[in-house]
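In what follows, a structure is listed as structure tokens, so that the remarks can point back to it.
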Amino acid sequence: MHRLTRCAAPLVAAALLAACAADDGATVDRATTSATTEPAAASTGSTTSTTGTTVPSTTAATALAADSCPALPERAAPDPDRPVYEVDMAADPATGVVEGTQVVRFVPDLPVDRVVLRLWANGPRPASVGTSIELGAVAVGGRPAPVGQPDPTTAVVELGRWAPAGEAITVRVPWRLTVGGPVNDRISRQDGSLRLGSFLPLLAWEPGVGWSVDPPTSGFAESTSSPTARWSVSVDVPEGLGVVATGSEVAPGRWEVDAARDVAVSIGRFTVSTATAMAPEPVEVTVAVHDGIDDGAVYVDRIVTALESFASWYGPYPWPAYRLSITPDLSGGIEFPMHVLQGPGTSGRTTPHEVAHMWFYGLVGNVQGRDPWLDEGLATWAEGRIEGTLPDMAVRSLPADGDGRAGAPMTYWEGRSASYYRSVYVQPAAALHRLGDDALVDCALAHYVAENAWSLATPADLWRSLDATFVDWRTALGPAGLAPG
Ligand SMILES: [Zn+2]
């Protein structure tokens, strides 16, 4: 098998990769533990693709002369009618009480008779330590509106009529979140720190489809989806505490971002390390470590390298800043736009994996309950590229209940958490590697990012980008369960 044509960006990327792949130390492999999704461990670094390009595989499916990198389209712009959130909240790590009010303006592209808000703070993992969120009196257009809660993570605001597509709907939601204690998940508090991710009542709208009501997962994972929105979030905390969050701090305590599908907030006694990445525009990199539980400088270097590499492979990083918080009792990382949550000791493969999620999840979203492999498989691909671990992934054994099922929804993985990581993270990356030309895969992913930026992509969107790049990709991806029919 051989490769004939590659595009310019991956060649640049290959040069960058050569400088950054031989990194990292060996630690445990969380793939064999239960409740695993985000990899907490470093790669072995033992298998390095020094060119970052072609690693032949016995099952390589392509190598036809027509395989080539298409001209990249201009990156898609966010929906001008995207939702607008205004949030005012006060948080106290000492009590775990977070109270706020949010006003969200939503313009559906289909008629709606309800607004569905997901309350992920009531999901199984936060609930296991007594965390919960309750809504106060909800108003639509200034009038009280009835709210049903068919299950703990779903609030249904009844409009009492059908609102046509294109009509702006404004929902005011007061809420009170009580964070019960520490848990290896996205909402947690310990030792004066608060980790807040997926904590605001979130519009679960899939444009062109409707409300996304996938059940929550009990694993270290998510079944979330939300459209790209504008956010303005005001965070008030007790004296002496620091805040890092999604957005730019436009005034003390107020964070704004023009396009992001969710926000996260970390609160603690932070020591901050900073740097600037060129991705390719300047990106302010901040690592905030709570209470001296880790060394932030180690993360900064890894983030800068990952941001610059991924920007050269998949297109420009879309925001002016990238912020990582290190807070206690988190065994891996959890991604949010512009702001990633990680635990101590996760400077290995977790760090570039989470940076990769800024493209695969942050920029190109997906319905994570239905297609968890789209963001996890592609973030793992990017992780493998920069770590030089794709050959390792390609020879890794797959669990019987995951082999050929990489495309299964989160509901399938409920109760199969021990198989989830290898099946949904590693299997897609290994299948892409079997195409035999890693740089050309990067090209296909750059195409996918440009075409689907700011939207919720589906597998068909990725298939279109693969069709534009590879003569035959189905032979490699089909056995993983990642090709149509
Ligand atoms: Zn991930």
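Letters A, B, ... go to the chains of the structure tokens in the order shown; residues in each chain start at 1; ligands are counted from 1 in the same order.
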Give me, as a tab-separated table, the closest atom pair and its distance (Å, one decimal) for every residue of chain A within a cut-off of 9 Å of ligand 1, counting only C-alpha atoms and all ligand atoms, rows sorted by chain and rising number.
residue	atom	partner	partner_atom_place_in_ligand_line	distance
A:Thr37	CA	ligand 1	1 (Zn)	6.7
A:Glu38	CA	ligand 1	1 (Zn)	4.9
A:Pro39	CA	ligand 1	1 (Zn)	7.3
A:Ala221	CA	ligand 1	1 (Zn)	8.4
A:Gly333	CA	ligand 1	1 (Zn)	7.6
A:Ile334	CA	ligand 1	1 (Zn)	7.1
A:Glu335	CA	ligand 1	1 (Zn)	7.2
A:Thr350	CA	ligand 1	1 (Zn)	8.2
A:His353	CA	ligand 1	1 (Zn)	6.2
A:Glu354	CA	ligand 1	1 (Zn)	6.2
A:Ala356	CA	ligand 1	1 (Zn)	8.3
A:His357	CA	ligand 1	1 (Zn)	6.5
A:Phe360	CA	ligand 1	1 (Zn)	8.9
A:Tyr361	CA	ligand 1	1 (Zn)	8.8
A:Asp375	CA	ligand 1	1 (Zn)	6.9
A:Glu376	CA	ligand 1	1 (Zn)	4.7
A:Gly377	CA	ligand 1	1 (Zn)	7.9
A:Leu378	CA	ligand 1	1 (Zn)	8.7
A:Ala379	CA	ligand 1	1 (Zn)	6.0
A:Thr380	CA	ligand 1	1 (Zn)	6.9
A:Tyr425	CA	ligand 1	1 (Zn)	7.7
Which residues come within 9 Å of range 204-220 of chain A, counting only C-alpha atoms, excluding same-chain residues fewer than 5 positions away, as a count of residues only? 37
Among range 98-321 of chain A, which ones does DSSP assign to alpha helix (DSSP H) (computed from the backbone)? Answer as a PyMOL selection string. chain A and resi 124-127+296-314
What does the file look like for those residues with N, CA, C and O atoms, as a tab-separated table (two decimals), in the first residue's frame?
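Saved as selection_21.tsv:
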chain	number	residue	atom	x	y	z
A	124	PRO	N	-26.72	10.68	37.47
A	124	PRO	CA	-26.39	9.66	38.47
A	124	PRO	C	-25.13	9.94	39.27
A	124	PRO	O	-25.10	9.70	40.48
A	125	ARG	N	-24.09	10.43	38.62
A	125	ARG	CA	-22.84	10.62	39.37
A	125	ARG	C	-22.92	11.76	40.36
A	125	ARG	O	-22.61	11.57	41.53
A	126	PRO	N	-23.33	12.97	39.95
A	126	PRO	CA	-23.48	14.02	40.97
A	126	PRO	C	-24.49	13.62	42.05
A	126	PRO	O	-24.26	13.86	43.25
A	127	ALA	N	-25.58	12.98	41.64
A	127	ALA	CA	-26.60	12.61	42.62
A	127	ALA	C	-26.06	11.64	43.66
A	127	ALA	O	-26.54	11.60	44.80
A	296	GLY	N	1.64	23.37	37.54
A	296	GLY	CA	0.97	23.82	36.33
A	296	GLY	C	1.89	23.98	35.13
A	296	GLY	O	1.46	23.85	33.98
A	297	ALA	N	3.18	24.23	35.38
A	297	ALA	CA	4.10	24.50	34.27
A	297	ALA	C	4.18	23.31	33.32
A	297	ALA	O	4.35	23.47	32.11
A	298	VAL	N	4.08	22.10	33.86
A	298	VAL	CA	4.17	20.90	33.01
A	298	VAL	C	3.03	20.89	32.00
A	298	VAL	O	3.22	20.53	30.83
A	299	TYR	N	1.88	21.29	32.44
A	299	TYR	CA	0.70	21.28	31.56
A	299	TYR	C	0.80	22.35	30.49
A	299	TYR	O	0.38	22.15	29.36
A	300	VAL	N	1.34	23.50	30.89
A	300	VAL	CA	1.38	24.63	29.95
A	300	VAL	C	2.12	24.24	28.68
A	300	VAL	O	1.64	24.46	27.57
A	301	ASP	N	3.28	23.64	28.82
A	301	ASP	CA	4.07	23.27	27.63
A	301	ASP	C	3.32	22.28	26.75
A	301	ASP	O	3.32	22.38	25.53
A	302	ARG	N	2.68	21.32	27.38
A	302	ARG	CA	1.96	20.30	26.61
A	302	ARG	C	0.76	20.92	25.88
A	302	ARG	O	0.45	20.56	24.76
A	303	ILE	N	0.10	21.86	26.54
A	303	ILE	CA	-1.06	22.51	25.91
A	303	ILE	C	-0.62	23.34	24.71
A	303	ILE	O	-1.25	23.30	23.64
A	304	VAL	N	0.45	24.10	24.88
A	304	VAL	CA	0.92	24.94	23.77
A	304	VAL	C	1.25	24.08	22.56
A	304	VAL	O	0.84	24.37	21.43
A	305	THR	N	1.98	23.00	22.78
A	305	THR	CA	2.34	22.11	21.67
A	305	THR	C	1.09	21.54	21.00
A	305	THR	O	0.98	21.50	19.77
A	306	ALA	N	0.14	21.10	21.81
A	306	ALA	CA	-1.08	20.50	21.25
A	306	ALA	C	-1.90	21.54	20.49
A	306	ALA	O	-2.37	21.27	19.37
A	307	LEU	N	-2.07	22.71	21.05
A	307	LEU	CA	-2.86	23.75	20.36
A	307	LEU	C	-2.24	24.08	19.00
A	307	LEU	O	-2.94	24.20	18.00
A	308	GLU	N	-0.92	24.25	18.99
A	308	GLU	CA	-0.27	24.65	17.74
A	308	GLU	C	-0.30	23.52	16.72
A	308	GLU	O	-0.54	23.75	15.53
A	309	SER	N	-0.12	22.30	17.16
A	309	SER	CA	-0.17	21.15	16.23
A	309	SER	C	-1.57	20.96	15.68
A	309	SER	O	-1.77	20.84	14.47
A	310	PHE	N	-2.55	20.92	16.55
A	310	PHE	CA	-3.92	20.66	16.09
A	310	PHE	C	-4.43	21.79	15.19
A	310	PHE	O	-5.18	21.56	14.25
A	311	ALA	N	-4.02	23.03	15.50
A	311	ALA	CA	-4.44	24.14	14.64
A	311	ALA	C	-3.87	23.97	13.24
A	311	ALA	O	-4.52	24.29	12.24
A	312	SER	N	-2.66	23.44	13.14
A	312	SER	CA	-2.06	23.25	11.82
A	312	SER	C	-2.70	22.05	11.10
A	312	SER	O	-2.71	22.01	9.87
A	313	TRP	N	-3.23	21.12	11.83
A	313	TRP	CA	-3.84	19.94	11.21
A	313	TRP	C	-5.32	20.15	10.89
A	313	TRP	O	-5.80	19.71	9.86
A	314	TYR	N	-6.05	20.75	11.83
A	314	TYR	CA	-7.52	20.74	11.75
A	314	TYR	C	-8.12	22.14	11.58
A	314	TYR	O	-9.33	22.30	11.55
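Compared by their closest atoms to Val104 in chain A, and using only C-alpha atoms, the residues A:Ala137, A:Leu203, A:Ala457, A:Ala430 rank with A:Leu203 nearest.
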Sel. of strand (DSSP E) residues, range 277-356 of chain A, as an mmCIF file with all heavy atoms, in the first residue's frame:
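So the final result, stored in result11.cif, reads:
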data_model
loop_
_atom_site.group_PDB
_atom_site.id
_atom_site.type_symbol
_atom_site.label_atom_id
_atom_site.label_comp_id
_atom_site.auth_asym_id
_atom_site.auth_seq_id
_atom_site.Cartn_x
_atom_site.Cartn_y
_atom_site.Cartn_z
ATOM 1 N N ALA A 277 0.127 30.496 23.027
ATOM 2 C CA ALA A 277 0.284 29.590 21.890
ATOM 3 C C ALA A 277 -0.077 30.357 20.626
ATOM 4 O O ALA A 277 -0.892 31.278 20.663
ATOM 5 C CB ALA A 277 -0.622 28.372 22.056
ATOM 6 N N MET A 278 0.510 29.946 19.499
ATOM 7 C CA MET A 278 0.152 30.540 18.215
ATOM 8 C C MET A 278 -0.622 29.479 17.445
ATOM 9 O O MET A 278 -0.032 28.540 16.903
ATOM 10 C CB MET A 278 1.409 30.962 17.458
ATOM 11 C CG MET A 278 2.278 31.953 18.241
ATOM 12 S SD MET A 278 1.410 33.455 18.758
ATOM 13 C CE MET A 278 1.183 34.274 17.175
ATOM 14 N N PRO A 282 -2.678 34.319 18.368
ATOM 15 C CA PRO A 282 -2.263 34.137 19.769
ATOM 16 C C PRO A 282 -3.411 33.608 20.629
ATOM 17 O O PRO A 282 -4.546 34.092 20.551
ATOM 18 C CB PRO A 282 -1.861 35.556 20.205
ATOM 19 C CG PRO A 282 -1.589 36.295 18.939
ATOM 20 C CD PRO A 282 -2.501 35.703 17.900
ATOM 21 N N VAL A 283 -3.116 32.605 21.409
ATOM 22 C CA VAL A 283 -4.081 32.021 22.345
ATOM 23 C C VAL A 283 -3.469 32.089 23.741
ATOM 24 O O VAL A 283 -2.374 31.568 23.975
ATOM 25 C CB VAL A 283 -4.405 30.557 21.985
ATOM 26 C CG1 VAL A 283 -5.366 29.951 23.015
ATOM 27 C CG2 VAL A 283 -4.984 30.454 20.577
ATOM 28 N N GLU A 284 -4.171 32.742 24.621
ATOM 29 C CA GLU A 284 -3.702 32.849 26.009
ATOM 30 C C GLU A 284 -3.968 31.518 26.717
ATOM 31 O O GLU A 284 -5.114 31.075 26.797
ATOM 32 C CB GLU A 284 -4.466 33.996 26.687
ATOM 33 C CG GLU A 284 -4.359 34.073 28.181
ATOM 34 C CD GLU A 284 -5.617 34.703 28.791
ATOM 35 O OE1 GLU A 284 -6.260 35.539 28.113
ATOM 36 O OE2 GLU A 284 -5.959 34.339 29.920
ATOM 37 N N VAL A 285 -2.919 30.888 27.181
ATOM 38 C CA VAL A 285 -3.040 29.593 27.849
ATOM 39 C C VAL A 285 -2.873 29.807 29.353
ATOM 40 O O VAL A 285 -1.903 30.425 29.793
ATOM 41 C CB VAL A 285 -1.978 28.599 27.336
ATOM 42 C CG1 VAL A 285 -2.006 27.303 28.144
ATOM 43 C CG2 VAL A 285 -2.188 28.322 25.849
ATOM 44 N N THR A 286 -3.831 29.322 30.111
ATOM 45 C CA THR A 286 -3.792 29.459 31.567
ATOM 46 C C THR A 286 -3.995 28.092 32.211
ATOM 47 O O THR A 286 -4.919 27.374 31.836
ATOM 48 C CB THR A 286 -4.924 30.392 32.059
ATOM 49 O OG1 THR A 286 -4.777 31.663 31.432
ATOM 50 C CG2 THR A 286 -4.887 30.558 33.571
ATOM 51 N N VAL A 287 -3.132 27.759 33.135
ATOM 52 C CA VAL A 287 -3.333 26.549 33.936
ATOM 53 C C VAL A 287 -3.464 26.992 35.385
ATOM 54 O O VAL A 287 -2.541 27.601 35.944
ATOM 55 C CB VAL A 287 -2.177 25.547 33.768
ATOM 56 C CG1 VAL A 287 -2.387 24.339 34.668
ATOM 57 C CG2 VAL A 287 -2.052 25.115 32.306
ATOM 58 N N ALA A 288 -4.614 26.709 35.975
ATOM 59 C CA ALA A 288 -4.905 27.137 37.339
ATOM 60 C C ALA A 288 -4.948 25.896 38.234
ATOM 61 O O ALA A 288 -5.802 25.032 38.056
ATOM 62 C CB ALA A 288 -6.242 27.875 37.384
ATOM 63 N N VAL A 289 -4.013 25.822 39.176
ATOM 64 C CA VAL A 289 -3.893 24.647 40.044
ATOM 65 C C VAL A 289 -4.383 25.004 41.439
ATOM 66 O O VAL A 289 -3.889 25.955 42.053
ATOM 67 C CB VAL A 289 -2.438 24.154 40.093
ATOM 68 C CG1 VAL A 289 -2.300 22.982 41.052
ATOM 69 C CG2 VAL A 289 -1.957 23.758 38.696
ATOM 70 N N HIS A 290 -5.348 24.243 41.917
ATOM 71 C CA HIS A 290 -5.901 24.515 43.242
ATOM 72 C C HIS A 290 -4.942 24.058 44.334
ATOM 73 O O HIS A 290 -4.469 22.909 44.325
ATOM 74 C CB HIS A 290 -7.245 23.788 43.390
ATOM 75 C CG HIS A 290 -7.828 23.884 44.776
ATOM 76 N ND1 HIS A 290 -8.282 25.075 45.313
ATOM 77 C CD2 HIS A 290 -8.013 22.940 45.743
ATOM 78 C CE1 HIS A 290 -8.739 24.855 46.527
ATOM 79 N NE2 HIS A 290 -8.575 23.579 46.825
ATOM 80 N N ALA A 321 -8.539 32.106 24.119
ATOM 81 C CA ALA A 321 -7.916 31.580 25.337
ATOM 82 C C ALA A 321 -8.228 30.093 25.489
ATOM 83 O O ALA A 321 -9.226 29.590 24.950
ATOM 84 C CB ALA A 321 -8.415 32.339 26.574
ATOM 85 N N TYR A 322 -7.352 29.427 26.230
ATOM 86 C CA TYR A 322 -7.573 28.034 26.636
ATOM 87 C C TYR A 322 -7.203 27.957 28.112
ATOM 88 O O TYR A 322 -6.090 28.325 28.498
ATOM 89 C CB TYR A 322 -6.692 27.084 25.823
ATOM 90 C CG TYR A 322 -6.862 25.617 26.186
ATOM 91 C CD1 TYR A 322 -7.758 24.815 25.492
ATOM 92 C CD2 TYR A 322 -6.119 25.037 27.218
ATOM 93 C CE1 TYR A 322 -7.922 23.470 25.814
ATOM 94 C CE2 TYR A 322 -6.275 23.693 27.548
ATOM 95 C CZ TYR A 322 -7.167 22.922 26.842
ATOM 96 O OH TYR A 322 -7.329 21.590 27.162
ATOM 97 N N ARG A 323 -8.122 27.489 28.916
ATOM 98 C CA ARG A 323 -7.880 27.460 30.355
ATOM 99 C C ARG A 323 -8.090 26.053 30.897
ATOM 100 O O ARG A 323 -9.113 25.419 30.612
ATOM 101 C CB ARG A 323 -8.814 28.432 31.080
ATOM 102 C CG ARG A 323 -8.688 29.844 30.584
ATOM 103 C CD ARG A 323 -9.393 30.860 31.448
ATOM 104 N NE ARG A 323 -9.268 32.158 30.815
ATOM 105 C CZ ARG A 323 -10.138 32.627 29.919
ATOM 106 N NH1 ARG A 323 -11.223 31.937 29.610
ATOM 107 N NH2 ARG A 323 -9.938 33.796 29.350
ATOM 108 N N LEU A 324 -7.126 25.629 31.679
ATOM 109 C CA LEU A 324 -7.206 24.321 32.342
ATOM 110 C C LEU A 324 -7.210 24.560 33.843
ATOM 111 O O LEU A 324 -6.391 25.331 34.350
ATOM 112 C CB LEU A 324 -5.991 23.476 31.940
ATOM 113 C CG LEU A 324 -5.744 22.196 32.743
ATOM 114 C CD1 LEU A 324 -6.892 21.210 32.562
ATOM 115 C CD2 LEU A 324 -4.424 21.556 32.329
ATOM 116 N N SER A 325 -8.129 23.924 34.533
ATOM 117 C CA SER A 325 -8.069 23.934 36.000
ATOM 118 C C SER A 325 -7.730 22.535 36.483
ATOM 119 O O SER A 325 -8.181 21.540 35.921
ATOM 120 C CB SER A 325 -9.394 24.404 36.609
ATOM 121 O OG SER A 325 -10.402 23.428 36.421
ATOM 122 N N ILE A 326 -6.915 22.490 37.537
ATOM 123 C CA ILE A 326 -6.584 21.218 38.192
ATOM 124 C C ILE A 326 -7.215 21.268 39.574
ATOM 125 O O ILE A 326 -6.820 22.070 40.430
ATOM 126 C CB ILE A 326 -5.050 21.035 38.323
ATOM 127 C CG1 ILE A 326 -4.361 21.198 36.959
ATOM 128 C CG2 ILE A 326 -4.742 19.677 38.938
ATOM 129 C CD1 ILE A 326 -4.641 20.120 35.957
ATOM 130 N N GLY A 333 -9.848 13.914 32.552
ATOM 131 C CA GLY A 333 -10.210 15.257 32.138
ATOM 132 C C GLY A 333 -11.626 15.305 31.608
ATOM 133 O O GLY A 333 -12.170 14.292 31.164
ATOM 134 N N ILE A 334 -12.222 16.479 31.677
ATOM 135 C CA ILE A 334 -13.560 16.706 31.125
ATOM 136 C C ILE A 334 -13.514 18.015 30.355
ATOM 137 O O ILE A 334 -13.123 19.055 30.895
ATOM 138 C CB ILE A 334 -14.625 16.772 32.234
ATOM 139 C CG1 ILE A 334 -14.606 15.486 33.079
ATOM 140 C CG2 ILE A 334 -16.010 16.981 31.621
ATOM 141 C CD1 ILE A 334 -15.499 15.531 34.297
ATOM 142 N N GLU A 335 -13.953 17.939 29.119
ATOM 143 C CA GLU A 335 -13.803 19.068 28.217
ATOM 144 C C GLU A 335 -15.036 19.952 28.203
ATOM 145 O O GLU A 335 -16.156 19.476 28.208
ATOM 146 C CB GLU A 335 -13.524 18.560 26.794
ATOM 147 C CG GLU A 335 -14.669 17.785 26.148
ATOM 148 C CD GLU A 335 -14.751 16.318 26.563
ATOM 149 O OE1 GLU A 335 -13.999 15.903 27.452
ATOM 150 O OE2 GLU A 335 -15.580 15.592 25.976
ATOM 151 N N PHE A 336 -14.765 21.252 28.180
ATOM 152 C CA PHE A 336 -15.777 22.263 27.887
ATOM 153 C C PHE A 336 -15.122 23.281 26.979
ATOM 154 O O PHE A 336 -13.898 23.396 26.958
ATOM 155 C CB PHE A 336 -16.317 22.907 29.176
ATOM 156 C CG PHE A 336 -17.104 21.934 29.994
ATOM 157 C CD1 PHE A 336 -16.494 21.187 30.985
ATOM 158 C CD2 PHE A 336 -18.446 21.718 29.727
ATOM 159 C CE1 PHE A 336 -17.208 20.238 31.697
ATOM 160 C CE2 PHE A 336 -19.161 20.773 30.427
ATOM 161 C CZ PHE A 336 -18.549 20.031 31.421
ATOM 162 N N HIS A 339 -12.415 25.814 28.282
ATOM 163 C CA HIS A 339 -12.072 25.523 29.676
ATOM 164 C C HIS A 339 -12.198 24.029 29.950
ATOM 165 O O HIS A 339 -13.281 23.458 29.841
ATOM 166 C CB HIS A 339 -12.988 26.314 30.611
ATOM 167 C CG HIS A 339 -12.701 26.066 32.072
ATOM 168 N ND1 HIS A 339 -11.433 25.794 32.546
ATOM 169 C CD2 HIS A 339 -13.512 26.061 33.156
ATOM 170 C CE1 HIS A 339 -11.489 25.629 33.857
ATOM 171 N NE2 HIS A 339 -12.729 25.781 34.251
ATOM 172 N N VAL A 340 -11.066 23.440 30.307
ATOM 173 C CA VAL A 340 -11.027 21.990 30.556
ATOM 174 C C VAL A 340 -10.781 21.750 32.038
ATOM 175 O O VAL A 340 -10.029 22.475 32.690
ATOM 176 C CB VAL A 340 -9.930 21.339 29.682
ATOM 177 C CG1 VAL A 340 -9.593 19.940 30.170
ATOM 178 C CG2 VAL A 340 -10.387 21.307 28.218
ATOM 179 N N LEU A 341 -11.435 20.724 32.549
ATOM 180 C CA LEU A 341 -11.280 20.320 33.943
ATOM 181 C C LEU A 341 -10.429 19.052 33.981
ATOM 182 O O LEU A 341 -10.752 18.084 33.311
ATOM 183 C CB LEU A 341 -12.656 20.021 34.558
ATOM 184 C CG LEU A 341 -13.816 20.969 34.209
ATOM 185 C CD1 LEU A 341 -15.128 20.447 34.798
ATOM 186 C CD2 LEU A 341 -13.520 22.369 34.740
ATOM 187 N N GLN A 342 -9.350 19.075 34.733
ATOM 188 C CA GLN A 342 -8.549 17.867 34.903
ATOM 189 C C GLN A 342 -8.181 17.722 36.377
ATOM 190 O O GLN A 342 -8.236 18.674 37.156
ATOM 191 C CB GLN A 342 -7.267 17.923 34.054
ATOM 192 C CG GLN A 342 -7.527 17.726 32.561
ATOM 193 C CD GLN A 342 -6.285 17.851 31.677
ATOM 194 O OE1 GLN A 342 -6.392 18.325 30.554
ATOM 195 N NE2 GLN A 342 -5.117 17.439 32.181
#
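When only C-alpha atoms are used to compute distances to Val471 in chain A, the closest of the residues A:Val183, A:Leu135, A:Ala446, A:Leu440 turns out to be A:Leu440.
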CA of Asp67 in chain A and CA of Leu445 in chain A are how many Å apart? 14.4 Å
Quick one: residues within 8 Å of Tyr85 in chain A, only C-alpha atoms counted, chain neighbours fewer than 2 positions away excluded, as number ranges by chain? A: 83, 87, 102-105, 229-233
Using only C-alpha atoms, find each residue of range 83-180 of chain A with at least one atom at most 12 Å away from an atom of range 237-260 of chain A; report its shortest atom-to-atom pair and that distance in Å (one decimal), sort the rows by chain and rising residue number, and return the result as CSV.
residue,atom,partner,partner_atom,distance
A:Pro83,CA,A:Ala259,CA,9.5
A:Val84,CA,A:Asp258,CA,8.9
A:Tyr85,CA,A:Glu256,CA,9.8
A:Glu86,CA,A:Glu256,CA,9.2
A:Val87,CA,A:Arg254,CA,9.4
A:Asp88,CA,A:Arg254,CA,8.7
A:Met89,CA,A:Val237,CA,8.9
A:Ala90,CA,A:Val237,CA,5.9
A:Ala91,CA,A:Val237,CA,5.3
A:Asp92,CA,A:Val237,CA,6.0
A:Pro93,CA,A:Val237,CA,8.4
A:Ala94,CA,A:Pro238,CA,9.3
A:Thr95,CA,A:Pro238,CA,11.1
A:Gly96,CA,A:Val237,CA,11.4
A:Val97,CA,A:Val237,CA,10.8
A:Val98,CA,A:Val237,CA,9.5
A:Glu99,CA,A:Val237,CA,11.0
Distance query Gly148 in chain A at most 8 Å, only C-alpha atoms, self and fewer than 6 positions along chain excluded, as a ChimeraX atom specification: /A:155-158
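Straight-line separation from CA of Glu281 in chain A to CA of Leu363 in chain A: 16.2 Å.
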